[in-house]
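data.tsv (TSV, C-alpha atoms)
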```tsv
chain	number	residue	atom	x	y	z
A	1	MET	CA	-40.71	-18.17	-31.63
A	2	SER	CA	-41.48	-19.57	-28.24
A	3	HIS	CA	-38.92	-22.33	-28.90
A	4	ASP	CA	-35.44	-21.23	-27.94
A	5	VAL	CA	-33.06	-21.52	-30.83
A	6	VAL	CA	-30.41	-23.97	-29.66
A	7	PRO	CA	-27.20	-24.45	-31.62
A	8	ALA	CA	-27.84	-27.04	-34.34
A	9	GLY	CA	-26.56	-30.43	-33.20
A	10	SER	CA	-27.06	-29.86	-29.49
A	11	PRO	CA	-29.74	-32.01	-27.89
A	12	SER	CA	-33.07	-30.34	-28.33
A	13	TYR	CA	-34.97	-32.26	-25.70
A	14	LEU	CA	-33.03	-30.85	-22.79
A	15	ASN	CA	-35.99	-29.22	-21.03
A	16	ARG	CA	-38.00	-32.42	-21.29
A	17	LYS	CA	-35.18	-34.80	-20.38
A	18	ASP	CA	-36.86	-35.90	-17.15
A	19	ASP	CA	-40.09	-36.64	-18.98
A	20	TYR	CA	-38.25	-38.83	-21.49
A	21	LEU	CA	-36.34	-40.64	-18.75
A	22	LYS	CA	-39.60	-41.35	-16.93
A	23	ARG	CA	-41.22	-42.73	-20.08
A	24	LEU	CA	-38.21	-44.89	-20.89
A	25	ARG	CA	-38.13	-46.28	-17.35
A	26	ARG	CA	-41.80	-47.20	-17.77
A	27	ILE	CA	-40.96	-48.92	-21.08
A	28	GLU	CA	-38.13	-50.80	-19.34
A	29	GLY	CA	-40.72	-51.89	-16.77
A	30	GLN	CA	-42.98	-53.12	-19.57
A	31	ALA	CA	-40.09	-55.23	-20.90
A	32	ARG	CA	-39.68	-56.77	-17.44
A	33	GLY	CA	-43.44	-57.33	-17.18
A	34	LEU	CA	-43.36	-59.21	-20.48
A	35	GLN	CA	-40.60	-61.47	-19.14
A	36	ARG	CA	-42.76	-62.31	-16.15
A	37	MET	CA	-45.71	-63.09	-18.45
A	38	VAL	CA	-43.56	-65.49	-20.51
A	39	GLU	CA	-42.04	-66.95	-17.33
A	40	ASP	CA	-45.58	-67.60	-16.00
A	41	GLU	CA	-46.63	-69.02	-19.38
A	42	GLN	CA	-49.47	-66.61	-19.81
A	43	TYR	CA	-51.73	-66.69	-22.83
A	44	CYS	CA	-50.05	-65.65	-26.13
A	45	ILE	CA	-52.76	-63.19	-27.04
A	46	ASP	CA	-52.42	-61.39	-23.69
A	47	ILE	CA	-48.68	-61.15	-24.21
A	48	LEU	CA	-49.24	-59.79	-27.72
A	49	THR	CA	-51.57	-57.13	-26.31
A	50	GLN	CA	-48.80	-56.01	-23.95
A	51	VAL	CA	-46.22	-55.98	-26.75
A	52	SER	CA	-48.54	-53.73	-28.79
A	53	ALA	CA	-48.91	-51.35	-25.83
A	54	MET	CA	-45.14	-51.22	-25.42
A	55	THR	CA	-44.64	-50.60	-29.15
A	56	ARG	CA	-47.08	-47.70	-29.00
A	57	ALA	CA	-45.26	-46.23	-26.00
A	58	LEU	CA	-41.97	-46.41	-27.91
A	59	GLN	CA	-43.56	-44.86	-30.99
A	60	SER	CA	-44.82	-42.02	-28.90
A	61	VAL	CA	-41.28	-41.38	-27.59
A	62	SER	CA	-40.05	-41.33	-31.20
A	63	LEU	CA	-42.71	-38.91	-32.35
A	64	GLY	CA	-41.94	-36.61	-29.42
A	65	LEU	CA	-38.19	-36.64	-30.07
A	66	LEU	CA	-38.75	-36.05	-33.76
A	67	ASP	CA	-41.05	-33.10	-33.12
A	68	GLU	CA	-38.48	-31.50	-30.84
A	69	HIS	CA	-35.73	-32.22	-33.33
A	70	LEU	CA	-37.70	-30.43	-36.08
A	71	SER	CA	-38.61	-27.53	-33.77
A	72	HIS	CA	-35.09	-26.98	-32.57
A	73	CYS	CA	-32.35	-28.45	-34.73
A	74	VAL	CA	-34.01	-28.10	-38.12
A	75	VAL	CA	-35.66	-24.74	-37.51
A	76	GLY	CA	-32.52	-23.50	-35.70
A	77	ALA	CA	-30.28	-24.48	-38.61
A	78	ALA	CA	-32.65	-22.90	-41.13
A	79	ALA	CA	-32.82	-19.67	-39.14
A	80	ALA	CA	-29.03	-19.62	-38.97
A	81	GLY	CA	-28.88	-19.98	-42.77
A	82	GLY	CA	-26.28	-21.89	-44.76
A	83	ARG	CA	-26.24	-25.49	-45.88
A	84	GLU	CA	-26.67	-26.93	-42.38
A	85	ALA	CA	-30.50	-26.94	-42.68
A	86	GLU	CA	-30.39	-29.14	-45.75
A	87	GLU	CA	-28.28	-31.73	-43.97
A	88	LYS	CA	-30.59	-31.61	-40.92
A	89	VAL	CA	-33.66	-32.20	-43.12
A	90	ARG	CA	-31.98	-35.13	-44.86
A	91	GLU	CA	-31.17	-36.71	-41.49
A	92	ALA	CA	-34.69	-36.09	-40.20
A	93	SER	CA	-36.27	-37.57	-43.35
A	94	GLU	CA	-34.14	-40.70	-42.99
A	95	ALA	CA	-35.18	-41.04	-39.35
A	96	ILE	CA	-38.84	-40.62	-40.35
A	97	ALA	CA	-38.48	-43.32	-43.02
A	98	ARG	CA	-36.95	-45.73	-40.47
A	99	LEU	CA	-39.78	-44.94	-38.09
A	100	VAL	CA	-42.52	-45.45	-40.68
A	101	ARG	CA	-40.99	-48.69	-41.90
A	102	SER	CA	-40.28	-50.14	-38.45
B	103	MET	CA	-47.43	-82.30	-38.25
B	104	SER	CA	-44.07	-81.64	-36.71
B	105	HIS	CA	-45.74	-79.17	-34.37
B	106	ASP	CA	-47.15	-80.92	-31.32
B	107	VAL	CA	-50.82	-80.29	-30.96
B	108	VAL	CA	-51.18	-78.66	-27.57
B	109	PRO	CA	-54.57	-78.17	-25.94
B	110	ALA	CA	-56.10	-74.94	-27.26
B	111	GLY	CA	-55.51	-72.13	-24.78
B	112	SER	CA	-52.34	-73.52	-23.28
B	113	PRO	CA	-49.25	-71.44	-24.02
B	114	SER	CA	-47.85	-72.50	-27.36
B	115	TYR	CA	-44.40	-71.02	-26.99
B	116	LEU	CA	-43.37	-73.38	-24.23
B	117	ASN	CA	-40.46	-74.99	-26.09
B	118	ARG	CA	-39.08	-71.59	-27.04
B	119	LYS	CA	-39.63	-69.92	-23.67
B	120	ASP	CA	-35.90	-69.44	-23.06
B	121	ASP	CA	-35.43	-67.87	-26.46
B	122	TYR	CA	-38.24	-65.37	-25.77
B	123	LEU	CA	-36.88	-64.57	-22.32
B	124	LYS	CA	-33.45	-63.91	-23.82
B	125	ARG	CA	-34.89	-61.60	-26.47
B	126	LEU	CA	-36.99	-59.71	-23.93
B	127	ARG	CA	-33.98	-59.28	-21.63
B	128	ARG	CA	-32.10	-57.80	-24.58
B	129	ILE	CA	-35.03	-55.45	-25.25
B	130	GLU	CA	-35.00	-54.44	-21.56
B	131	GLY	CA	-31.29	-53.68	-22.02
B	132	GLN	CA	-32.10	-51.51	-25.04
B	133	ALA	CA	-34.56	-49.54	-22.89
B	134	ARG	CA	-31.79	-48.96	-20.34
B	135	GLY	CA	-29.36	-48.00	-23.09
B	136	LEU	CA	-31.83	-45.39	-24.31
B	137	GLN	CA	-32.04	-43.91	-20.82
B	138	ARG	CA	-28.26	-43.57	-20.77
B	139	MET	CA	-28.34	-41.86	-24.18
B	140	VAL	CA	-30.92	-39.34	-22.95
B	141	GLU	CA	-29.01	-38.90	-19.66
B	142	ASP	CA	-25.83	-38.15	-21.65
B	143	GLU	CA	-27.79	-35.82	-23.94
B	144	GLN	CA	-26.81	-37.64	-27.07
B	145	TYR	CA	-27.95	-36.54	-30.49
B	146	CYS	CA	-31.71	-36.95	-31.15
B	147	ILE	CA	-31.22	-38.72	-34.45
B	148	ASP	CA	-28.93	-41.32	-32.83
B	149	ILE	CA	-31.53	-41.92	-30.12
B	150	LEU	CA	-34.24	-42.29	-32.79
B	151	THR	CA	-32.10	-44.88	-34.58
B	152	GLN	CA	-31.92	-46.90	-31.36
B	153	VAL	CA	-35.68	-46.57	-30.78
B	154	SER	CA	-36.28	-47.93	-34.30
B	155	ALA	CA	-33.99	-50.89	-33.61
B	156	MET	CA	-35.84	-51.61	-30.37
B	157	THR	CA	-39.22	-51.35	-32.13
B	158	ARG	CA	-38.07	-53.85	-34.74
B	159	ALA	CA	-36.89	-56.25	-32.02
B	160	LEU	CA	-40.31	-56.04	-30.34
B	161	GLN	CA	-42.07	-56.55	-33.66
B	162	SER	CA	-40.02	-59.63	-34.27
B	163	VAL	CA	-41.09	-61.02	-30.86
B	164	SER	CA	-44.74	-60.34	-31.80
B	165	LEU	CA	-44.45	-62.03	-35.17
B	166	GLY	CA	-42.82	-65.06	-33.54
B	167	LEU	CA	-45.50	-65.36	-30.86
B	168	LEU	CA	-48.24	-64.94	-33.44
B	169	ASP	CA	-46.77	-67.64	-35.68
B	170	GLU	CA	-46.63	-70.07	-32.77
B	171	HIS	CA	-50.13	-69.12	-31.71
B	172	LEU	CA	-51.44	-69.90	-35.20
B	173	SER	CA	-49.42	-73.15	-35.44
B	174	HIS	CA	-50.54	-74.41	-32.07
B	175	CYS	CA	-53.68	-72.83	-30.64
B	176	VAL	CA	-55.53	-72.11	-33.88
B	177	VAL	CA	-54.52	-75.28	-35.72
B	178	GLY	CA	-55.01	-77.31	-32.53
B	179	ALA	CA	-58.53	-75.96	-32.03
B	180	ALA	CA	-59.41	-76.53	-35.68
B	181	ALA	CA	-58.12	-80.10	-35.56
B	182	ALA	CA	-60.18	-80.69	-32.41
B	183	GLY	CA	-63.28	-79.41	-34.23
B	184	GLY	CA	-66.12	-77.42	-32.75
B	185	ARG	CA	-66.59	-73.69	-32.44
B	186	GLU	CA	-63.34	-73.12	-30.55
B	187	ALA	CA	-61.37	-72.55	-33.78
B	188	GLU	CA	-63.64	-69.68	-34.80
B	189	GLU	CA	-63.06	-67.91	-31.49
B	190	LYS	CA	-59.30	-68.48	-31.75
B	191	VAL	CA	-59.23	-67.00	-35.26
B	192	ARG	CA	-61.22	-63.97	-34.13
B	193	GLU	CA	-58.76	-63.38	-31.27
B	194	ALA	CA	-55.77	-63.83	-33.57
B	195	SER	CA	-57.23	-61.43	-36.16
B	196	GLU	CA	-57.74	-58.79	-33.49
B	197	ALA	CA	-54.17	-59.23	-32.29
B	198	ILE	CA	-52.91	-58.91	-35.89
B	199	ALA	CA	-54.94	-55.70	-36.35
B	200	ARG	CA	-53.44	-54.22	-33.15
B	201	LEU	CA	-49.98	-55.19	-34.37
B	202	VAL	CA	-50.45	-53.72	-37.85
B	203	ARG	CA	-51.90	-50.50	-36.47
B	204	SER	CA	-49.33	-50.03	-33.70
C	205	MET	CA	-68.63	-73.59	-37.25
C	206	SER	CA	-70.63	-70.94	-39.02
C	207	HIS	CA	-67.80	-70.56	-41.50
C	208	ASP	CA	-68.14	-73.06	-44.33
C	209	VAL	CA	-65.06	-75.18	-44.66
C	210	VAL	CA	-63.85	-74.59	-48.19
C	211	PRO	CA	-61.13	-76.74	-49.74
C	212	ALA	CA	-57.74	-75.38	-48.69
C	213	GLY	CA	-56.31	-73.19	-51.43
C	214	SER	CA	-59.62	-72.09	-52.90
C	215	PRO	CA	-60.39	-68.40	-52.43
C	216	SER	CA	-61.97	-67.91	-49.07
C	217	TYR	CA	-63.44	-64.47	-49.68
C	218	LEU	CA	-65.94	-65.68	-52.26
C	219	ASN	CA	-69.07	-64.61	-50.37
C	220	ARG	CA	-67.66	-61.15	-49.78
C	221	LYS	CA	-66.22	-60.66	-53.27
C	222	ASP	CA	-68.57	-57.77	-54.07
C	223	ASP	CA	-67.69	-56.02	-50.85
C	224	TYR	CA	-63.96	-56.26	-51.64
C	225	LEU	CA	-64.50	-55.07	-55.22
C	226	LYS	CA	-66.43	-52.06	-53.92
C	227	ARG	CA	-63.70	-51.19	-51.43
C	228	LEU	CA	-60.99	-51.55	-54.05
C	229	ARG	CA	-62.90	-49.33	-56.49
C	230	ARG	CA	-63.12	-46.70	-53.77
C	231	ILE	CA	-59.35	-47.02	-53.21
C	232	GLU	CA	-58.81	-46.63	-56.97
C	233	GLY	CA	-60.93	-43.46	-56.73
C	234	GLN	CA	-58.72	-42.22	-53.88
C	235	ALA	CA	-55.66	-42.71	-56.12
C	236	ARG	CA	-57.33	-40.60	-58.82
C	237	GLY	CA	-58.32	-37.96	-56.25
C	238	LEU	CA	-54.68	-37.73	-55.18
C	239	GLN	CA	-53.62	-37.14	-58.79
C	240	ARG	CA	-56.09	-34.25	-59.01
C	241	MET	CA	-54.72	-32.80	-55.78
C	242	VAL	CA	-51.16	-32.91	-57.12
C	243	GLU	CA	-52.34	-31.58	-60.51
C	244	ASP	CA	-54.02	-28.64	-58.72
C	245	GLU	CA	-50.92	-28.14	-56.58
C	246	GLN	CA	-52.76	-28.47	-53.33
C	247	TYR	CA	-51.04	-28.16	-49.99
C	248	CYS	CA	-48.63	-31.01	-49.15
C	249	ILE	CA	-50.09	-31.64	-45.74
C	250	ASP	CA	-53.59	-32.04	-47.19
C	251	ILE	CA	-52.25	-34.53	-49.72
C	252	LEU	CA	-50.46	-36.42	-46.93
C	253	THR	CA	-53.74	-36.62	-44.99
C	254	GLN	CA	-55.39	-38.23	-48.01
C	255	VAL	CA	-52.51	-40.65	-48.48
C	256	SER	CA	-52.87	-41.72	-44.84
C	257	ALA	CA	-56.62	-42.30	-45.34
C	258	MET	CA	-55.90	-44.40	-48.43
C	259	THR	CA	-53.24	-46.41	-46.60
C	260	ARG	CA	-55.69	-47.16	-43.80
C	261	ALA	CA	-58.34	-48.28	-46.33
C	262	LEU	CA	-55.80	-50.66	-47.90
C	263	GLN	CA	-54.76	-51.94	-44.49
C	264	SER	CA	-58.35	-52.67	-43.67
C	265	VAL	CA	-58.70	-54.70	-46.90
C	266	SER	CA	-55.57	-56.67	-45.89
C	267	LEU	CA	-56.83	-57.37	-42.40
C	268	GLY	CA	-60.17	-58.55	-43.79
C	269	LEU	CA	-58.56	-60.86	-46.34
C	270	LEU	CA	-56.22	-62.24	-43.71
C	271	ASP	CA	-59.05	-62.94	-41.29
C	272	GLU	CA	-60.98	-64.83	-43.96
C	273	HIS	CA	-57.84	-66.68	-44.97
C	274	LEU	CA	-57.31	-67.84	-41.39
C	275	SER	CA	-60.99	-68.72	-40.93
C	276	HIS	CA	-61.22	-70.72	-44.11
C	277	CYS	CA	-57.92	-71.90	-45.56
C	278	VAL	CA	-55.97	-72.37	-42.34
C	279	VAL	CA	-58.82	-73.77	-40.25
C	280	GLY	CA	-60.00	-75.86	-43.22
C	281	ALA	CA	-56.57	-77.36	-43.71
C	282	ALA	CA	-56.20	-78.06	-39.99
C	283	ALA	CA	-59.61	-79.72	-39.82
C	284	ALA	CA	-58.65	-81.88	-42.82
C	285	GLY	CA	-55.47	-82.94	-40.99
C	286	GLY	CA	-52.11	-83.68	-42.57
C	287	ARG	CA	-49.20	-81.37	-43.20
C	288	GLU	CA	-51.19	-78.88	-45.27
C	289	ALA	CA	-52.09	-76.78	-42.18
C	290	GLU	CA	-48.44	-76.24	-41.34
C	291	GLU	CA	-47.73	-74.89	-44.81
C	292	LYS	CA	-50.81	-72.63	-44.64
C	293	VAL	CA	-49.69	-71.21	-41.30
C	294	ARG	CA	-46.20	-70.55	-42.65
C	295	GLU	CA	-47.68	-68.66	-45.63
C	296	ALA	CA	-50.04	-66.69	-43.40
C	297	SER	CA	-47.23	-65.76	-40.99
C	298	GLU	CA	-45.12	-64.50	-43.87
C	299	ALA	CA	-48.05	-62.41	-45.15
C	300	ILE	CA	-48.57	-60.99	-41.65
C	301	ALA	CA	-44.87	-60.08	-41.42
C	302	ARG	CA	-45.02	-58.29	-44.79
C	303	LEU	CA	-48.13	-56.45	-43.61
C	304	VAL	CA	-46.64	-55.40	-40.28
C	305	ARG	CA	-43.41	-54.25	-41.90
C	306	SER	CA	-45.05	-52.39	-44.80
D	307	MET	CA	-29.05	-24.00	-50.18
D	308	SER	CA	-29.65	-25.86	-53.39
D	309	HIS	CA	-33.34	-25.95	-52.52
D	310	ASP	CA	-35.09	-22.78	-53.68
D	311	VAL	CA	-36.86	-21.08	-50.85
D	312	VAL	CA	-40.51	-21.01	-51.90
D	313	PRO	CA	-43.04	-18.95	-50.00
D	314	ALA	CA	-44.29	-20.97	-47.04
D	315	GLY	CA	-47.61	-22.60	-47.91
D	316	SER	CA	-47.03	-22.85	-51.64
D	317	PRO	CA	-46.69	-26.41	-52.92
D	318	SER	CA	-43.14	-27.53	-52.50
D	319	TYR	CA	-43.23	-30.47	-54.88
D	320	LEU	CA	-43.73	-28.35	-57.98
D	321	ASN	CA	-40.56	-29.43	-59.78
D	322	ARG	CA	-41.33	-33.07	-59.14
D	323	LYS	CA	-45.04	-32.89	-59.96
D	324	ASP	CA	-44.73	-35.15	-63.00
D	325	ASP	CA	-42.85	-37.75	-61.00
D	326	TYR	CA	-45.61	-37.81	-58.34
D	327	LEU	CA	-48.34	-38.01	-60.98
D	328	LYS	CA	-46.57	-40.96	-62.59
D	329	ARG	CA	-46.25	-42.76	-59.27
D	330	LEU	CA	-49.89	-42.13	-58.38
D	331	ARG	CA	-51.03	-43.40	-61.79
D	332	ARG	CA	-49.04	-46.57	-61.17
D	333	ILE	CA	-50.71	-46.90	-57.74
D	334	GLU	CA	-54.12	-46.42	-59.41
D	335	GLY	CA	-53.12	-49.25	-61.78
D	336	GLN	CA	-52.26	-51.43	-58.78
D	337	ALA	CA	-55.76	-50.80	-57.38
D	338	ARG	CA	-57.25	-51.93	-60.69
D	339	GLY	CA	-54.97	-54.97	-60.76
D	340	LEU	CA	-56.21	-55.95	-57.30
D	341	GLN	CA	-59.82	-55.76	-58.53
D	342	ARG	CA	-58.95	-58.15	-61.36
D	343	MET	CA	-57.31	-60.52	-58.88
D	344	VAL	CA	-60.43	-60.54	-56.69
D	345	GLU	CA	-62.67	-60.83	-59.79
D	346	ASP	CA	-60.63	-63.86	-60.92
D	347	GLU	CA	-60.76	-65.28	-57.38
D	348	GLN	CA	-57.01	-65.54	-57.08
D	349	TYR	CA	-55.33	-66.88	-53.98
D	350	CYS	CA	-55.67	-64.67	-50.85
D	351	ILE	CA	-52.00	-64.73	-50.07
D	352	ASP	CA	-51.11	-63.53	-53.58
D	353	ILE	CA	-53.60	-60.69	-53.23
D	354	LEU	CA	-52.13	-59.79	-49.83
D	355	THR	CA	-48.65	-59.66	-51.40
D	356	GLN	CA	-49.94	-57.14	-53.95
D	357	VAL	CA	-51.67	-55.07	-51.26
D	358	SER	CA	-48.36	-54.90	-49.35
D	359	ALA	CA	-46.55	-53.74	-52.50
D	360	MET	CA	-49.18	-51.06	-53.06
D	361	THR	CA	-48.96	-49.92	-49.42
D	362	ARG	CA	-45.19	-49.59	-49.74
D	363	ALA	CA	-45.58	-47.54	-52.93
D	364	LEU	CA	-47.99	-45.19	-51.13
D	365	GLN	CA	-45.66	-44.94	-48.16
D	366	SER	CA	-42.84	-43.97	-50.44
D	367	VAL	CA	-45.00	-41.18	-51.93
D	368	SER	CA	-45.71	-39.95	-48.38
D	369	LEU	CA	-42.07	-39.98	-47.37
D	370	GLY	CA	-41.13	-38.06	-50.52
D	371	LEU	CA	-43.82	-35.42	-50.00
D	372	LEU	CA	-42.85	-35.06	-46.37
D	373	ASP	CA	-39.17	-34.61	-47.20
D	374	GLU	CA	-40.00	-31.88	-49.69
D	375	HIS	CA	-42.36	-30.27	-47.25
D	376	LEU	CA	-39.60	-30.12	-44.63
D	377	SER	CA	-37.01	-28.89	-47.14
D	378	HIS	CA	-39.20	-26.15	-48.53
D	379	CYS	CA	-42.11	-25.10	-46.33
D	380	VAL	CA	-40.54	-25.70	-42.93
D	381	VAL	CA	-37.04	-24.51	-43.79
D	382	GLY	CA	-38.49	-21.61	-45.82
D	383	ALA	CA	-40.66	-20.48	-42.93
D	384	ALA	CA	-37.76	-20.79	-40.48
D	385	ALA	CA	-35.46	-18.78	-42.74
D	386	ALA	CA	-38.17	-16.11	-43.07
D	387	GLY	CA	-38.36	-15.91	-39.24
D	388	GLY	CA	-41.47	-15.28	-37.20
D	389	ARG	CA	-43.95	-17.72	-35.73
D	390	GLU	CA	-44.80	-19.36	-39.07
D	391	ALA	CA	-42.06	-22.00	-38.64
D	392	GLU	CA	-43.55	-23.21	-35.38
D	393	GLU	CA	-46.93	-23.74	-36.99
D	394	LYS	CA	-45.32	-25.57	-39.95
D	395	VAL	CA	-43.45	-27.90	-37.60
D	396	ARG	CA	-46.63	-28.65	-35.68
D	397	GLU	CA	-48.44	-29.52	-38.90
D	398	ALA	CA	-45.54	-31.66	-40.11
D	399	SER	CA	-45.33	-33.52	-36.78
D	400	GLU	CA	-49.04	-34.30	-36.92
D	401	ALA	CA	-48.68	-35.60	-40.48
D	402	ILE	CA	-45.72	-37.77	-39.39
D	403	ALA	CA	-47.77	-39.18	-36.51
D	404	ARG	CA	-50.64	-40.06	-38.87
D	405	LEU	CA	-48.15	-41.70	-41.21
D	406	VAL	CA	-46.44	-43.72	-38.48
D	407	ARG	CA	-49.77	-44.86	-37.03
D	408	SER	CA	-51.39	-45.71	-40.37
```

Starting from the coordinates I provided, produce the structure as structure tokens.
Amino acid sequence: MSHDVVPAGSPSYLNRKDDYLKRLRRIEGQARGLQRMVEDEQYCIDILTQVSAMTRALQSVSLGLLDEHLSHCVVGAAAAGGREAEEKVREASEAIARLVRS
Amino acid sequence: MSHDVVPAGSPSYLNRKDDYLKRLRRIEGQARGLQRMVEDEQYCIDILTQVSAMTRALQSVSLGLLDEHLSHCVVGAAAAGGREAEEKVREASEAIARLVRS
Amino acid sequence: MSHDVVPAGSPSYLNRKDDYLKRLRRIEGQARGLQRMVEDEQYCIDILTQVSAMTRALQSVSLGLLDEHLSHCVVGAAAAGGREAEEKVREASEAIARLVRS
Amino acid sequence: MSHDVVPAGSPSYLNRKDDYLKRLRRIEGQARGLQRMVEDEQYCIDILTQVSAMTRALQSVSLGLLDEHLSHCVVGAAAAGGREAEEKVREASEAIARLVRS
């Protein structure tokens, strides 16, 4: 595997931490931009377009985190054997359900 | 109608501007909270839970803005007559599609 | 308006009934295709791809119905005046929320 | 693990095949019910409510299949070692992205 096996439970996005921080700062900026648009009483539909863009950016963060979680925590736990993998899959499935339904 | 008919095109969320600003400030705070969680290398699944909460908060802003847009701009344009209403509906339908697909 | 104003409450998709029936028959066919895939024990991921295609087809039916509902019922009620439009918008907003959250 | 490790790639929902077939037959029935509603020219909003119910039923099938895929194929491949697990995770992540975006 090219993915390093990290101990199950430890954050699996360590190498890409800076990338996630950058994306989240951009999302924070989008939230501020939306406040300015409301403040300036811009057109509803334009605001909605920005909210959709921000939602997609957030979704993309989720999908990235989930992929790394599966690659590292779930695969790591399964490789280590024992019941840990089962618990990790259950957690991941619940997170996926929240994501799909949100 | 209890809703005031505002001229089509003018922002329809005027009365609730403060409420929207408050909700967007809270969403901005959630984006900062997520950065702290990544900074502190918290558990992926916990971060994902927070991202889902933030996505739901954004969705709720969208649904609110859309409802007011329909109540004011679309209904206002239709009451005024002419082709304006058709254009407003087309715009609203496109915004709904973006929302559903994001 | 090129859209005929139909009495509020009457089905607004009348002209496109055949189109909707055709799309729903295709969706029914997709549901049968999925049963065959499960029966034949095909690969999970391939089944999931088909479920996503079917979900998108359903979503597209929803967005079409909603657009016609706004164009006809909501605009019709608003043009007629009175409190009817308000009730129609409330109903439409609730349907949009169910759609976005499903 | 209580989950049997099945060879990676073999269908992981074997034990629950009958349950999935039953759910998909019910979804097929919902598609037929929607055709009757359109045929009978029922109210748009009522049709939309049924489409949302059907979408949720489909989503629940997806989430179930995905959970079993993770539990069996992904965990099985990881336990077996080698590069297979990586490929399984990539496939699963792509399926999750399609699901979240549909």

Among the residues B:Tyr145, B:Ala159, B:Leu172, B:Arg134, the one that comes closest to Arg192 (chain B) [using only C-alpha atoms]: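 Comparing B:Tyr145, B:Ala159, B:Leu172, B:Arg134 against Arg192 (chain B), the winner is B:Leu172.
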
Near chain D, meaning an atom within 10 Å, which residues of chain A appear when counting only C-alpha atoms? Write them as a PyMOL selection string. chain A and resi 1-3+56+59-60+62-64+66-72+74-90+92-94+96-102

Can you tell me which residues surround Glu130 (chain B) at a distance of at most 7 Å, considering all atoms listed in the file, apart from same-chain residues fewer than 2 positions away, and format the answer as a ChimeraX atom specification? /A:28,31-32 /B:126-128,132-134

Expressed in Å to a single decimal, how great is the separation between CA of Gln341 (chain D) and CA of Tyr326 (chain D)? 22.9 Å

Distance of CA of Lys221 (chain C) from CA of Gln356 (chain D), expressed in Å to one decimal place: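 Distance reported for this atom pair: 16.7 Å.
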
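Between CA of Asn219 (chain C) and CA of Glu345 (chain D) there is a distance of 12.0 Å.
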
From the list B:Ala155, B:Ile129, B:Leu123, B:Val140, which residue is nearest Ala95 (chain A) when using all atoms listed in the file?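 For Ala95 (chain A), the nearest of the given residues is B:Ala155.
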